[in-house]
Amino acid sequence: MTLTAHEHGTSPMRQAAEAAEEATGLRAEIIWGVLMMSPTPRFKHARVINVIHEQLMSALPEGMEAFQVASVALPHDPDDYATPDLLVGDSALGDSDDWLAEPGSVVFVLEVVSRSNSTKDTQDMVRWYAEAGIPEYLVIDPRDGTWTLHTEPRGGEYQGTLHKQYGDEIVLNGLEVKLSTGSLPRYADGP
């Protein structure tokens with residue numbers, strides 16, 4: 001299910017985010033009331049998303065679909081929304097002209113850590129997605145060739161966390177899907 005602007009509000013913060021995104025081409029999000037802008041991903045970042053997307057599309061249960069660069073709302077907040085690199089939700093989302101999904105229709109999100117990322121994906125978004133009640137949050141980090149799967153959100157925190165390296169299989173229990181990580185690229189050393 002998606003939310004319309006009327007259902008979710010159009011505050012000055014939301015209007016500023018949408019205007020900044022349109023003017024710059026950068027991805028805008030409002031996380032805990034802070035406007036965050038993300039640069040266009042590099043090719044290796046995009047390849048990680050593509051590899052995971054392809055594996056998901058061939059294995060998802062009926063009624064579920066993977067969407068790239070789609071947004072999800074934070075419950076009970078008229079402004080906050082995140083735009084993960086990939087989300088899996090109800091296939092009906094693909095029939096909507098809206099851009100913002102209700103968290104209850106999203107079962108999995110993926111964030112690929114950018115080369116210059118400090119703590120957004122690895123710390124800030126862990127709490128945000130747990131607060132939104134997203135059942136599984138996967139963070140893939142091409143800086144060091146690792147991945148972390150957060151599961152079982154409760155009380156604004158994930159109860160389960162599994163941290164492994166490329167080559168180790170990712171099991172998404174909620175979707176009954178296994179993902180291979182052996183072919184995921186790593187960023188080159190240096191700035």
# chains A, B, ... in the order shown; residues from 1 in each chain; ligands from 1
call {"tool": "residues_around", "arguments": {"residues": "region 111-124 of chain A", "least_positions_apart": "6", "cutoff": "9 Å", "atoms": "only C-alpha atoms", "output": "PyMOL selection string"}}
result
chain A and resi 31+41-42+45-46+48-49+84-86+137-143+148+187+191
call {"tool": "select_by_dssp", "arguments": {"residues": "region 85-139 of chain A", "states": "strand (DSSP E or B)", "output": "NGL selection string"}}
result
:A and (86-90 or 100-101 or 106-112 or 136-139)
call {"tool": "closest_atom_pairs", "arguments": {"of": "region 99-190 of chain A", "to": "region 72-78 of chain A", "cutoff": "12 Å", "atoms": "only C-alpha atoms", "output": "CSV"}}
result
residue,atom,partner,partner_atom,distance
A:Trp99,CA,A:Val72,CA,8.3
A:Leu100,CA,A:Val72,CA,5.3
A:Ala101,CA,A:Val72,CA,4.6
A:Glu102,CA,A:Ala73,CA,5.7
A:Pro103,CA,A:Val72,CA,5.9
A:Gly104,CA,A:Pro75,CA,9.0
A:Ser105,CA,A:Val72,CA,9.1
A:Val106,CA,A:Val72,CA,7.7
A:Val107,CA,A:Val72,CA,10.9
A:Phe108,CA,A:Val72,CA,10.9
A:Val109,CA,A:Val72,CA,9.6
A:Met125,CA,A:Leu74,CA,11.5
A:Arg127,CA,A:Leu74,CA,11.3
A:Trp128,CA,A:Leu74,CA,7.8
A:Tyr129,CA,A:Leu74,CA,8.1
A:Ala130,CA,A:Leu74,CA,9.9
A:Glu131,CA,A:Leu74,CA,7.4
A:Ala132,CA,A:Leu74,CA,5.2
A:Gly133,CA,A:Pro75,CA,8.6
A:Ile134,CA,A:Val72,CA,9.7
A:Gly156,CA,A:Leu74,CA,11.4
call {"tool": "write_last_selection", "arguments": {"atoms": "N, CA, C and O atoms", "output": "compact mmCIF listing (two decimals), in the first residue's frame"}}
result
# COMPACT_ATOMS: atom_id res chain seq x y z
N TRP A 99 4.90 7.36 -4.69
CA TRP A 99 6.32 7.06 -4.51
C TRP A 99 6.66 6.62 -3.09
O TRP A 99 7.78 6.22 -2.83
N LEU A 100 5.69 6.66 -2.18
CA LEU A 100 5.97 6.41 -0.77
C LEU A 100 5.16 5.22 -0.28
O LEU A 100 3.93 5.26 -0.29
N ALA A 101 5.86 4.17 0.14
CA ALA A 101 5.20 2.96 0.62
C ALA A 101 4.97 3.03 2.12
O ALA A 101 5.77 3.58 2.86
N GLU A 102 3.88 2.44 2.53
CA GLU A 102 3.61 2.25 3.95
C GLU A 102 4.56 1.17 4.46
O GLU A 102 4.78 0.17 3.77
N PRO A 103 5.16 1.34 5.65
CA PRO A 103 6.12 0.34 6.13
C PRO A 103 5.54 -1.08 6.22
O PRO A 103 6.24 -2.04 6.00
N GLY A 104 4.25 -1.19 6.49
CA GLY A 104 3.64 -2.51 6.62
C GLY A 104 3.63 -3.30 5.32
O GLY A 104 3.44 -4.51 5.34
N SER A 105 3.84 -2.62 4.19
CA SER A 105 3.85 -3.32 2.91
C SER A 105 5.27 -3.67 2.46
O SER A 105 5.46 -4.23 1.39
N VAL A 106 6.27 -3.33 3.29
CA VAL A 106 7.68 -3.57 2.96
C VAL A 106 8.23 -4.62 3.94
O VAL A 106 8.11 -4.47 5.15
N VAL A 107 8.86 -5.67 3.40
CA VAL A 107 9.35 -6.75 4.25
C VAL A 107 10.88 -6.84 4.32
O VAL A 107 11.43 -7.54 5.16
N PHE A 108 11.56 -6.12 3.40
CA PHE A 108 13.01 -6.21 3.33
C PHE A 108 13.55 -4.94 2.69
O PHE A 108 12.95 -4.41 1.74
N VAL A 109 14.66 -4.43 3.24
CA VAL A 109 15.36 -3.32 2.60
C VAL A 109 16.84 -3.63 2.54
O VAL A 109 17.39 -4.33 3.38
N MET A 125 20.59 4.21 10.04
CA MET A 125 19.47 3.55 9.39
C MET A 125 19.07 2.25 10.08
O MET A 125 17.93 1.80 9.92
N ARG A 127 18.60 1.86 13.26
CA ARG A 127 17.56 2.27 14.21
C ARG A 127 16.30 2.71 13.45
O ARG A 127 15.18 2.40 13.86
N TRP A 128 16.48 3.46 12.35
CA TRP A 128 15.33 3.97 11.60
C TRP A 128 14.48 2.83 11.06
O TRP A 128 13.26 2.81 11.22
N TYR A 129 15.12 1.85 10.38
CA TYR A 129 14.36 0.74 9.81
C TYR A 129 13.74 -0.14 10.90
O TYR A 129 12.65 -0.68 10.72
N ALA A 130 14.41 -0.27 12.04
CA ALA A 130 13.82 -1.01 13.15
C ALA A 130 12.58 -0.28 13.66
O ALA A 130 11.55 -0.90 13.94
N GLU A 131 12.67 1.03 13.80
CA GLU A 131 11.52 1.84 14.23
C GLU A 131 10.37 1.72 13.24
O GLU A 131 9.20 1.70 13.62
N ALA A 132 10.69 1.64 11.95
CA ALA A 132 9.66 1.48 10.91
C ALA A 132 9.07 0.07 10.91
O ALA A 132 8.06 -0.17 10.26
N GLY A 133 9.71 -0.86 11.62
CA GLY A 133 9.22 -2.23 11.69
C GLY A 133 9.53 -3.07 10.46
O GLY A 133 8.86 -4.07 10.20
N ILE A 134 10.58 -2.70 9.72
CA ILE A 134 10.97 -3.49 8.53
C ILE A 134 11.57 -4.81 9.02
O ILE A 134 12.59 -4.80 9.73
N GLY A 156 11.92 -0.49 18.44
CA GLY A 156 12.87 0.42 17.81
C GLY A 156 14.28 -0.12 17.69
O GLY A 156 15.21 0.62 17.36
call {"tool": "residues_around", "arguments": {"residues": "Thr146 (chain A)", "least_positions_apart": "6", "cutoff": "7 Å", "atoms": "only C-alpha atoms", "output": "PyMOL selection string"}}
result
chain A and resi 140+164-166
call {"tool": "select_by_dssp", "arguments": {"residues": "region 119-187 of chain A", "states": "alpha helix (DSSP H)", "output": "ChimeraX atom specification"}}
result
/A:125-132
call {"tool": "residues_around", "arguments": {"residues": "Ile170 (chain A)", "least_positions_apart": "4", "cutoff": "8 Å", "atoms": "only C-alpha atoms", "output": "ChimeraX atom specification"}}
result
/A:149,178-181
call {"tool": "write_last_selection", "arguments": {"atoms": "all heavy atoms", "output": "PDB file, in the first residue's frame"}}
result
ATOM      1  N   LEU A 149      23.135  -8.528   8.354  1.00  0.00           N
ATOM      2  CA  LEU A 149      21.689  -8.700   8.266  1.00  0.00           C
ATOM      3  C   LEU A 149      21.076  -8.448   9.638  1.00  0.00           C
ATOM      4  O   LEU A 149      21.442  -9.102  10.617  1.00  0.00           O
ATOM      5  CB  LEU A 149      21.351 -10.118   7.787  1.00  0.00           C
ATOM      6  CG  LEU A 149      19.859 -10.441   7.659  1.00  0.00           C
ATOM      7  CD1 LEU A 149      19.186  -9.541   6.620  1.00  0.00           C
ATOM      8  CD2 LEU A 149      19.667 -11.913   7.319  1.00  0.00           C
ATOM      9  N   LYS A 178      17.698 -17.377  -0.472  1.00  0.00           N
ATOM     10  CA  LYS A 178      19.135 -17.416  -0.198  1.00  0.00           C
ATOM     11  C   LYS A 178      19.838 -16.586  -1.262  1.00  0.00           C
ATOM     12  O   LYS A 178      19.539 -16.710  -2.451  1.00  0.00           O
ATOM     13  CB  LYS A 178      19.658 -18.849  -0.212  1.00  0.00           C
ATOM     14  CG  LYS A 178      19.090 -19.697   0.912  1.00  0.00           C
ATOM     15  CD  LYS A 178      19.589 -21.118   0.848  1.00  0.00           C
ATOM     16  CE  LYS A 178      18.958 -21.936   1.971  1.00  0.00           C
ATOM     17  NZ  LYS A 178      19.374 -23.326   1.913  1.00  0.00           N
ATOM     18  N   LEU A 179      20.786 -15.736  -0.818  1.00  0.00           N
ATOM     19  CA  LEU A 179      21.521 -14.867  -1.723  1.00  0.00           C
ATOM     20  C   LEU A 179      22.995 -15.213  -1.702  1.00  0.00           C
ATOM     21  O   LEU A 179      23.593 -15.357  -0.639  1.00  0.00           O
ATOM     22  CB  LEU A 179      21.344 -13.396  -1.308  1.00  0.00           C
ATOM     23  CG  LEU A 179      19.910 -12.860  -1.235  1.00  0.00           C
ATOM     24  CD1 LEU A 179      19.896 -11.471  -0.617  1.00  0.00           C
ATOM     25  CD2 LEU A 179      19.281 -12.854  -2.616  1.00  0.00           C
ATOM     26  N   SER A 180      23.575 -15.308  -2.868  1.00  0.00           N
ATOM     27  CA  SER A 180      25.005 -15.555  -2.996  1.00  0.00           C
ATOM     28  C   SER A 180      25.744 -14.216  -2.990  1.00  0.00           C
ATOM     29  O   SER A 180      25.299 -13.241  -3.586  1.00  0.00           O
ATOM     30  CB  SER A 180      25.269 -16.282  -4.319  1.00  0.00           C
ATOM     31  OG  SER A 180      26.642 -16.335  -4.577  1.00  0.00           O
ATOM     32  N   THR A 181      26.884 -14.161  -2.303  1.00  0.00           N
ATOM     33  CA  THR A 181      27.652 -12.913  -2.219  1.00  0.00           C
ATOM     34  C   THR A 181      29.046 -13.024  -2.826  1.00  0.00           C
ATOM     35  O   THR A 181      29.797 -12.057  -2.819  1.00  0.00           O
ATOM     36  CB  THR A 181      27.796 -12.464  -0.745  1.00  0.00           C
ATOM     37  OG1 THR A 181      28.538 -13.465  -0.027  1.00  0.00           O
ATOM     38  CG2 THR A 181      26.446 -12.260  -0.089  1.00  0.00           C
TER      39      THR A 181
END
call {"tool": "atom_distance", "arguments": {"atom1": "CA of His150 (chain A)", "atom2": "CA of Asp79 (chain A)"}}
result
24.3 Å
call {"tool": "closest_residue", "arguments": {"among": "A:Pro135, A:Pro185, A:Pro12, A:Gly167", "to": "Leu87 (chain A)", "atoms": "only C-alpha atoms"}}
result
A:Pro135
